[in-house]
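K.L.:
Before we start, here is the structure in question, set down as structure tokens.
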Amino acid sequence: MSKKITLRFLLIFTFSLFFNKYNAQTETDLGNIHGNFQIDAANYQRDTIIKADPGSEVFRYNAFGNINYTKGGFSAGARFESYNPPLIGYLPGYRGSGVPYRFARYKHKDIDITVGNFYEQFGSGIALRAYENRGLLYDNALDGMRVIFTPRNGVTLKGLVGKQRTYFSLSPGVVRGIDGEINFMELFDSLLGKSKTKLILGGSFVSKYQQDQDPTIVLPENVGTSAGRLAIIRGGFNFNAEYAYKINDPSYQNKFSYKPGQAIIASTSYGTKGFSIMFAGKMLDNMSFRSDRNATNTIDMINYQPDLSKFHTYSLMAYYPYGTQANGEVGGSCEIQYKVKKGTWLGGKYGMDITVNGSAFYALDTMGINASTDSIKHLKYSTNYGNVGNEFYHDINIEITKKLSKKLKFTMMYANQFLNQSVVQFNTLDKEEHPDVSSHIGVLDITYKYKSNSAIRFETQGFFGSYNYRDSKLDANGVKNSTNNTGSWISELIEWTPSTHWSITIADQYNYNNPIVAKRVHYYFGMLGYVNGPTRISISYGRQRQGIFCAGGVCRFVPASSGLSLSISSSF
Amino acid sequence: MKKIISKITSLLFLIGVNVSCDYVTNVNPPVEPTTGPVSNVIYRKVLVEDYTGHKCGNCPAAAVVLSGLETTFSGKIVPLAIHAGFFATTNVAYPTSFTTTAGNAYDVLFGNSAAGNPNGLVNRVGYGTGSFIKAYSIWSSEVAILAAQPAKFQIKIKNTFNTATNLLNTDITVKSLASNLGTYKLVVLLSQDGIIAEQLNYTLPVGSQNVLNYEFNHVLRGAINSEWGDLVFPAAASINDSVVKSFTGFSVNSTYDAAKCHVIAFVYDADAASSTFYEVLQVEEEKVK
């Protein structure tokens, strides 16, 4: 059976490669081929003002292309990727070309089998989440086999085994996982099907195996994570919670702590016409779970520790972003959305949308262990779950969107943010080198649609930061240390869309009151974009700020860059 | 067909359920009885490169691991600290430059600082693969594997140092221990121990992390021939083929303490078409005086 399918697929695939020009999007007896591709290339230049020096490899690119084939319950596909070398700011380990993703999948009634590469998520992802984010060049796809079995309506069982992608090779560890989920309303349809309340229970177990080759210490070769979850849905009300426990998992990430990991994540929301409210909370303690205990950066992560902070699209709102602290944190977020009705004093003719969002995250209250026996000492620390530690981050923001007329609309946004930069980005308590940053940020975004397919958008942003050098010392000249103080910024942008195909953007970020006068630099940027159906082409020229990206005790300096960029993407 | 699929499913689930969890109660490995040499086989020595920088607060932790490896694998490793990249640049607080032309060349080609300090290379195994650059936590297991492999080459170093002129002559004897048909190059470097200077160290309590008298060891000071070296054998080498490469009149910087300097010599696979391109096949070190 499988041989026949394979042979037939190969014949069809070869045939279709020659003739898909004519029938690519048409479902025929031969099946359907579809795909997409994208290339982002840059020609960098030296820019002494912002200290951008690309070295000798001035041309860099990230490129990929997917080709997928489907016929009935069968599908197969592959993705080619090439980075020679990758764009500045991406992990250099991706240098190279190859086909790191290829799969064949067969679905028939209650069975769904995948061989090769696949992505998967159990529950919230705290036990397992294999996914990709092409913008970040994050890809932890599994290479192995997965079976999804649905023996009855409302019951789903999943089993998988495989190795994770590590650049263009595979992780040294093997991941094995099972997951089961029961939707009681669907399972007992005749009894509970008409119930207004829906109850879903799930559980998963994920284990990794990695050989212990270290002659100096005993490392667990099999490490398991168990998780249980619950979802209750009734009308506009929704509640989700998941708890996970991981056994001893010493790794580079957790400084080889043998302490078991725990996590609890919960969210609840209520929505009705014109109004919604959402609360989410989490506690993560030593839950970094990787298939290679020596992995750094964002490589070989088996699970996903959710980030509940708001994802900002305006650049200065995201000037000091927050990322989940892999070794532990506690925090939560709340968001309220309200639509002011049309015809009211505030709502006017078109209504008005108001979103208020707040989030805050803190360190766990931990204490180092200095016991006499090795087994306890290697736990490294204990956690007091009844308390929290220092603040890592907060973000309180309000966003108002209002349409004033058929042609004019605006968005206003304000945020108050705090970042414990030394701990969150630099893994140290040293406030002298890395001060806490508090900021007020404002955005005004106005769009004027002067014809049905033509518009001009103005965007102005301001970032007003204060840098708290606790324990600050004076230098020989009696001046306080001001390292890593970039002061405040303003940003201006004009985007003109003369037709549905073309757009022109001109922008500038100005570090107008950097304490060092020589660093009061304009980061200008210009872009010409063309869109035609699924095809998008853009050419841009400008400067990119430098920054330091740190994760789990590893810091990567992303240098400033300047140059010409080209981006092309399409699909068929 | 459905039965087969069901069996596969059941099998997968059983595999999943039955995988064990290893609870570790004692992290110390059992002590194995010491045994004498069992043969005259010459094993590989292992070049462990620590890519670091004085402004890299996380880097002293890697230096501690490297120091531990010297004890665990006494006589089996050659440590080398390469200061390169952003965290190795100087400023008022960290004025001492440890960067070298050779170190910068390695860092640019191998991408170590771009991957995030600290990290390292172990015999430069795996060039072109994602596992080429290694976190310090994996160094010991990598060394254990490589140090157990028979060597393809043997290296002997003989140094003569003129204290009055600071000129160094070094004779490197490379002997082929197998039929070596590829292209191999010899690199000769100078390293120095016991340099006292400023280092940021996050393993220390807040307020004392800017260490003024940190001791730097195994610091790469420069290449005696060149960073990418010279051909060892003009053609394929047979077993017991031997060659002596002499480097005379190398001027050791007068500010270096020659008594704490070492000559490091290594032979690597220089065939760009080889699957082990850049891999260090044998390494040796010897005090300058």
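By order of appearance in the structure tokens: chains A, B, ..., then residues from 1 within every chain, and ligands from 1 in the order shown.
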Chain A residues within 8 Å of chain B, counting only C-alpha atoms: which ones, as a ChimeraX atom specification?

P.N.:
/A:91-96,111,147,149,159-161,166-169,176-178,205-207,213-224,247-248,251-252,258,294-296,374-375,378,427-430,553-558

K.L.:
Kindly save the residues from that selection, with C-alpha atoms included, as a PDB file, in the first residue's frame.

P.N.:
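Output saved as out06.pdb:
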ATOM      1  CA  LEU A  91      22.100  33.157  14.552  1.00  0.00           C
ATOM      2  CA  PRO A  92      25.196  32.447  12.436  1.00  0.00           C
ATOM      3  CA  GLY A  93      24.721  28.697  12.896  1.00  0.00           C
ATOM      4  CA  TYR A  94      22.097  28.834  10.142  1.00  0.00           C
ATOM      5  CA  ARG A  95      24.786  29.532   7.542  1.00  0.00           C
ATOM      6  CA  GLY A  96      24.274  27.049   4.699  1.00  0.00           C
ATOM      7  CA  ILE A 111      -6.098   8.015  11.849  1.00  0.00           C
ATOM      8  CA  VAL A 147       0.240   9.484  14.972  1.00  0.00           C
ATOM      9  CA  PHE A 149      -5.846   8.823  16.663  1.00  0.00           C
ATOM     10  CA  GLY A 159       1.893   9.983  20.021  1.00  0.00           C
ATOM     11  CA  LEU A 160       5.174  11.179  18.586  1.00  0.00           C
ATOM     12  CA  VAL A 161       8.867  10.450  18.535  1.00  0.00           C
ATOM     13  CA  THR A 166      19.260  22.174  15.077  1.00  0.00           C
ATOM     14  CA  TYR A 167      20.214  24.575  12.290  1.00  0.00           C
ATOM     15  CA  PHE A 168      20.762  22.208   9.330  1.00  0.00           C
ATOM     16  CA  SER A 169      21.264  19.118  11.468  1.00  0.00           C
ATOM     17  CA  ARG A 176       9.051  11.122  22.874  1.00  0.00           C
ATOM     18  CA  GLY A 177       5.574  12.335  23.749  1.00  0.00           C
ATOM     19  CA  ILE A 178       1.946  11.329  24.223  1.00  0.00           C
ATOM     20  CA  PHE A 205       3.760  13.259  29.008  1.00  0.00           C
ATOM     21  CA  VAL A 206       6.930  14.240  27.169  1.00  0.00           C
ATOM     22  CA  SER A 207      10.307  12.667  27.696  1.00  0.00           C
ATOM     23  CA  GLN A 213      28.999  11.375  28.120  1.00  0.00           C
ATOM     24  CA  ASP A 214      30.326  13.628  30.847  1.00  0.00           C
ATOM     25  CA  PRO A 215      32.947  11.828  32.945  1.00  0.00           C
ATOM     26  CA  THR A 216      32.814  14.436  35.706  1.00  0.00           C
ATOM     27  CA  ILE A 217      29.150  14.353  36.745  1.00  0.00           C
ATOM     28  CA  VAL A 218      26.120  12.032  36.622  1.00  0.00           C
ATOM     29  CA  LEU A 219      23.462  13.461  34.333  1.00  0.00           C
ATOM     30  CA  PRO A 220      19.910  12.110  33.913  1.00  0.00           C
ATOM     31  CA  GLU A 221      19.632  10.635  30.442  1.00  0.00           C
ATOM     32  CA  ASN A 222      15.821  10.376  30.481  1.00  0.00           C
ATOM     33  CA  VAL A 223      13.989  13.502  31.594  1.00  0.00           C
ATOM     34  CA  GLY A 224      10.196  13.621  31.653  1.00  0.00           C
ATOM     35  CA  ILE A 247      11.918  16.025  36.915  1.00  0.00           C
ATOM     36  CA  ASN A 248      15.600  16.870  37.439  1.00  0.00           C
ATOM     37  CA  SER A 251      21.318  22.049  31.690  1.00  0.00           C
ATOM     38  CA  TYR A 252      23.442  24.928  30.560  1.00  0.00           C
ATOM     39  CA  TYR A 258      18.890  19.357  39.548  1.00  0.00           C
ATOM     40  CA  ASN A 294      23.983  22.061  26.323  1.00  0.00           C
ATOM     41  CA  ALA A 295      21.929  24.125  23.911  1.00  0.00           C
ATOM     42  CA  THR A 296      22.016  27.906  24.089  1.00  0.00           C
ATOM     43  CA  ASP A 374      26.088  16.956  46.725  1.00  0.00           C
ATOM     44  CA  SER A 375      22.636  15.792  45.768  1.00  0.00           C
ATOM     45  CA  HIS A 378      23.066  20.515  43.092  1.00  0.00           C
ATOM     46  CA  ASN A 427      21.707  38.203  33.807  1.00  0.00           C
ATOM     47  CA  THR A 428      23.310  40.294  36.535  1.00  0.00           C
ATOM     48  CA  LEU A 429      22.181  42.408  39.477  1.00  0.00           C
ATOM     49  CA  ASP A 430      24.703  45.116  38.595  1.00  0.00           C
ATOM     50  CA  GLY A 553      23.340  33.664  30.335  1.00  0.00           C
ATOM     51  CA  VAL A 554      24.453  33.964  26.739  1.00  0.00           C
ATOM     52  CA  CYS A 555      24.665  37.439  25.299  1.00  0.00           C
ATOM     53  CA  ARG A 556      24.745  38.095  21.605  1.00  0.00           C
ATOM     54  CA  PHE A 557      25.678  41.489  20.328  1.00  0.00           C
ATOM     55  CA  VAL A 558      23.551  42.483  17.358  1.00  0.00           C
TER      56      VAL A 558
END

K.L.:
Which residues are near Asn513 in chain A? Cut-off 10 Å, only C-alpha atoms, ignore same chain within fewer than 2 positions. Put them as a PyMOL selection string.

P.N.:
chain A and resi 464+486-490+510-511+515-517+519-521

K.L.:
Take the residues from that selection and write them out as a short mmCIF file (atom, residue, chain, number, x, y, z; two decimals), in the first residue's frame, keeping C-alpha atoms.

P.N.:
data_model
loop_
_atom_site.label_atom_id
_atom_site.label_comp_id
_atom_site.auth_asym_id
_atom_site.auth_seq_id
_atom_site.Cartn_x
_atom_site.Cartn_y
_atom_site.Cartn_z
CA PHE A 464 10.87 59.44 27.17
CA THR A 486 20.40 56.33 25.39
CA GLY A 487 18.11 59.02 26.76
CA SER A 488 14.93 59.67 24.81
CA TRP A 489 13.84 59.15 21.22
CA ILE A 490 11.34 60.47 18.74
CA TYR A 510 16.15 60.38 16.31
CA ASN A 511 18.01 59.84 19.57
CA PRO A 515 23.67 62.12 27.07
CA ILE A 516 26.60 61.76 24.67
CA VAL A 517 26.16 64.47 22.06
CA LYS A 519 25.39 59.73 19.68
CA ARG A 520 22.44 62.02 18.91
CA VAL A 521 22.00 60.28 15.60
#

K.L.:
Might you pull out every residue within 7 Å of range 268-278 of chain B, with only C-alpha atoms counted and same-chain residues fewer than 5 positions away left off, and present them as an mmCIF file with C-alpha atoms, in the first residue's frame?

P.N.:
data_model
loop_
_atom_site.group_PDB
_atom_site.id
_atom_site.type_symbol
_atom_site.label_atom_id
_atom_site.label_comp_id
_atom_site.auth_asym_id
_atom_site.auth_seq_id
_atom_site.Cartn_x
_atom_site.Cartn_y
_atom_site.Cartn_z
ATOM 1 C CA ARG B 124 37.341 22.513 15.849
ATOM 2 C CA GLY B 126 32.073 19.898 13.116
ATOM 3 C CA TYR B 127 32.878 22.958 11.040
ATOM 4 C CA GLY B 182 44.813 14.556 2.718
ATOM 5 C CA THR B 183 46.029 18.116 2.992
ATOM 6 C CA TYR B 184 47.267 19.067 6.436
ATOM 7 C CA LYS B 185 48.582 22.319 7.794
ATOM 8 C CA LEU B 186 50.604 23.200 10.855
#

K.L.:
Which range 35-138 of chain B residues have any atom within 6 Å of an atom of range 151-163 of chain B, and for each, what is the nearest pair of atoms with distance in Å to one decimal, counting only C-alpha atoms, rows sorted by chain and number, as CSV?

P.N.:
residue,atom,partner,partner_atom,distance
B:Ile42,CA,B:Ala151,CA,5.8
B:Tyr43,CA,B:Ala151,CA,4.7
B:Arg44,CA,B:Ala151,CA,4.5

K.L.:
If you count only C-alpha atoms, which residues fall within 9 Å of Tyr270 in chain A, apart from same-chain ones fewer than 5 positions away, as a ChimeraX atom specification?

P.N.:
/A:235-239,275-278

K.L.:
Could you please determine the separation between CA of Glu329 in chain A and CA of Tyr385 in chain A in Å, to one decimal place?

P.N.:
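That distance, rounded to one decimal, is 10.8 Å.
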
K.L.:
Restricting the calculation to only C-alpha atoms: of A:Glu120, A:Glu391, A:Asp285, A:Asp29, which residue gets closest to Tyr362 in chain A?

P.N.:
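Smallest separation from Tyr362 in chain A among the options: A:Glu391.
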
K.L.:
For the strand (DSSP E) assignment from backbone DSSP, which residues of range 153-233 of chain B qualify? Please present them as a PyMOL selection string.

P.N.:
chain B and resi 153-162+167-176+184-192+195-200+210-216+219-223+230-231

K.L.:
Show me, as a VMD selection string, the residues that have an atom within 12 Å of Glu70 in chain B when counting only C-alpha atoms, minus same-chain residues fewer than 4 positions from it.

P.N.:
chain B and resid 45 to 48 63 to 66 74 to 80 139 to 140 143 217 to 218

K.L.:
For the selection you just gave me, I'd like the residues written to a file as an mmCIF file, in the first residue's frame, keeping C-alpha atoms.

P.N.:
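Resulting contents of out15.cif:
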data_model
loop_
_atom_site.group_PDB
_atom_site.id
_atom_site.type_symbol
_atom_site.label_atom_id
_atom_site.label_comp_id
_atom_site.auth_asym_id
_atom_site.auth_seq_id
_atom_site.Cartn_x
_atom_site.Cartn_y
_atom_site.Cartn_z
ATOM 1 C CA LYS B 45 45.348 15.668 22.491
ATOM 2 C CA VAL B 46 42.452 18.060 22.432
ATOM 3 C CA LEU B 47 42.587 21.783 21.681
ATOM 4 C CA VAL B 48 39.878 23.504 23.756
ATOM 5 C CA ALA B 63 37.277 29.830 32.342
ATOM 6 C CA VAL B 64 36.500 27.935 35.551
ATOM 7 C CA VAL B 65 35.289 24.959 33.504
ATOM 8 C CA LEU B 66 38.424 25.104 31.348
ATOM 9 C CA SER B 74 45.694 16.358 32.809
ATOM 10 C CA GLY B 75 48.101 16.146 29.882
ATOM 11 C CA LYS B 76 45.300 15.423 27.430
ATOM 12 C CA ILE B 77 44.119 18.906 26.570
ATOM 13 C CA VAL B 78 45.668 22.142 25.369
ATOM 14 C CA PRO B 79 43.610 25.140 26.531
ATOM 15 C CA LEU B 80 43.540 28.387 24.588
ATOM 16 C CA TRP B 139 33.396 20.582 26.648
ATOM 17 C CA SER B 140 34.183 17.784 29.095
ATOM 18 C CA VAL B 143 37.110 16.025 25.299
ATOM 19 C CA ASN B 217 45.350 32.212 31.530
ATOM 20 C CA HIS B 218 46.017 30.574 28.152
#

K.L.:
Which residues are near range 261-264 of chain A? Cut-off 6 Å, only C-alpha atoms, ignore same chain within fewer than 2 positions. Put them as a PyMOL selection string.

P.N.:
chain A and resi 242-246+282-287

K.L.:
For each of B:Glu227, B:Asn40, B:Val267, B:Leu212, take the minimum atom-to-atom distance to Pro95 in chain B, counting only C-alpha atoms, then give the residue where this is smallest.

P.N.:
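Result for the nearest residue to Pro95 in chain B: B:Leu212.
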
K.L.:
Which residues are close to Gly144 in chain A, i.e. within 12 Å by only C-alpha atoms, leaving aside same-chain residues fewer than 2 positions away? Reply as a PyMOL selection string.

P.N.:
(chain A and resi 101-105+113-120+141-142+146-147+159-165+170+174-177) or (chain B and resi 12)

K.L.:
A:Gly72, A:Gly173, A:Gly123, A:Pro151: which is nearest Ala241 in chain A, counting only C-alpha atoms?

P.N.:
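For Ala241 in chain A, the nearest of the given residues is A:Gly123.
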
K.L.:
For a test of reading the model, state the distance in Å between CA of Asn213 in chain B and CA of Asn484 in chain A, rounded to one decimal.

P.N.:
24.5 Å

K.L.:
I'd like to know which of B:Asn123, B:Gln199, B:Thr170, B:Ser97 is closest to Phe250 in chain B, using only C-alpha atoms.

P.N.:
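Nearest to Phe250 in chain B: B:Thr170.
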